[in-house]
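*Asks:* Got a structure here, written out as structure tokens. Questions coming.
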Amino acid sequence: MNLLYNIGIYLLTLFIKCGALFNKKLNKGVLGRKHTFRLLEQTISESDKTIWLHCASLGEYEQGLPVFSELRKQYKDHKIVLSFFSPSGYEIRKNTPIADVVVYLPLDSQSNAKRFIDLLKPELSVFVKYDIWPNFLHALKVKNLKAILVSAAFRKEQHYFKFYGAPFRNALFAFQHIFTQNEISKELLKSIGYTEVTISGDTRFDRVSNQLKIDNTLEFINDFKNDTLCIVAGSTWPEDESLFIDFINNTSIKDIKFIVAPHNIKPIQIKSFQEKLNKASILFSEKEQQQLNEYSIFIVDTIGILTKIYNYADIAYVGGGMGNTGLHNALEAAVFGVPIIIGKNHKEFPEAQAMIDKGGMFSISSQNQFNQTLSTLINDDEKRELCGLKNKAYVEKNKGAVNLVLDYLKIKLPSA
């Protein structure tokens, strides 16, 4: 393994430990990684057969979940280990029934990788999208253990395709097969000599489509909406919320309900947002014994229910695109057949551009654009319905990635 890469990992370890003194999120990761090997040694015995699933964070977990769920059903006699790199994934999904044990992935040193793989000896390892660690993959390859990468999305500016990217290129060759989201990714892999590729599309389409198979009823949202036109703003950041503050405080359009689900639900930030609104608002945490239909704005200061709330949207706004944090999953709203507004920064999200091109999604870059777009969708019932149907059709057309992965693994869905 490349000496410079290993030096880099050593320096990264020092940086994270120092940063953890001042950053709560980094500190959670540092503390969590201290327990990884102990948890594995307590859970995994020498005779156990195992499957290893790895995700960077929560988004990748949701992306891989349709595959993970089928593996859980198929490999009932295996212990499944789920690892996360980020606390934002681990903290929310550390009790998921998909896995027998959930851990933080140790930092990618040679010794950590060898110890981890020696403990697990996974019959199959599944990585999602892009969180690729050379030493871990090298340890799998040395033992000739099967690994696949699903929903991969590559760009030519990534280090795999640069002159200095040898450790990362070599890591890709540890995968027996890579399932890419698009043709561009396949061609980039071909340019470095990797050919075991299937263009499967994005497993998120399957994930959000499964949302339609469950009961998405939330009685308190029914009470709040009360058959009124409803705008749902999901996973918002302050730069997204400022758009709504201006619109809500200045619009002359009546009989509209707003549901805002901030990405950050720290009380001080929720309070700051709420205080800037001039219409009656209610928090999720304060909803009990309240006449919810009397409020214009419902602020969701909890996690885990946004996907169901999108079911009540007539228009959706998906956050992250007005700043640089990254657009959140717009497919979660699209599957319910609603028009979607996003911010200006969506270059790295091909599904967003596809929905924009098809006319179901609208990217805005200013307050005026936002006001005009939202007002048009509110006032034009026919356009609103047509745009929503375009998004729903786009999701329906692009699902099926999971079937391709399962076919490769010789697993058949119950309905197949």
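Simple scheme: letters A, B, ... for chains in structure tokens order, numbers from 1 for residues in each chain, numbers from 1 for ligands in the order shown.
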Need to verify the contact set: A:Arg204, 9 Å, only C-alpha atoms, exclusion of same-chain residues closer than 2 positions in sequence. Can you return it as a ChimeraX atom specification?
*Replies:* /A:62-66,151,201-202,206-209,329,331-332,399,401
*Asks:* Distance atom CA of A:Lys79-atom CA of A:Lys49, one decimal place?
*Replies:*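 A separation of 6.2 Å between them.
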*Asks:* From the options A:Lys392, A:Lys156, A:His346, A:His54, which residue's atoms come nearest to A:Asp131, counting only C-alpha atoms?
*Replies:* A:His54
*Asks:* Can you list, as a PyMOL selection string, every residue of stretch 165-361 of chain A that DSSP puts in helix (DSSP H, G or I)?
*Replies:* chain A and resi 166-172+183-191+203-211+219-225+238-250+267-275+284-286+292-294+306-312+331-334+350-358
*Asks:* Pick out the closest residue to A:Leu53 from this set: A:Ile98, A:Cys18, A:Gln74, A:Tyr312. Count only C-alpha atoms.
*Replies:*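 Closest residue, counting only C-alpha atoms: A:Ile98.
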*Asks:* Nearest to A:Gln289 among A:Gly165, A:Gly388, A:Asp223, A:Leu21, with distances taken over only C-alpha atoms: which residue is it?
*Replies:*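 Of A:Gly165, A:Gly388, A:Asp223, A:Leu21, the one nearest A:Gln289, counting only C-alpha atoms, is A:Asp223.
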*Asks:* Taking into account only C-alpha atoms, which residue in the set A:Ile309, A:Val67, A:Ile303, A:Ala174 is nearest to A:Pro134?
*Replies:*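 Under the stated criterion, the closest residue is A:Ala174.
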*Asks:* So what do you get for atom CA of A:Asn403 versus atom CA of A:Glu91, distance-wise?
*Replies:*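 Straight-line distance from atom CA of A:Asn403 to atom CA of A:Glu91 works out to 29.3 Å.
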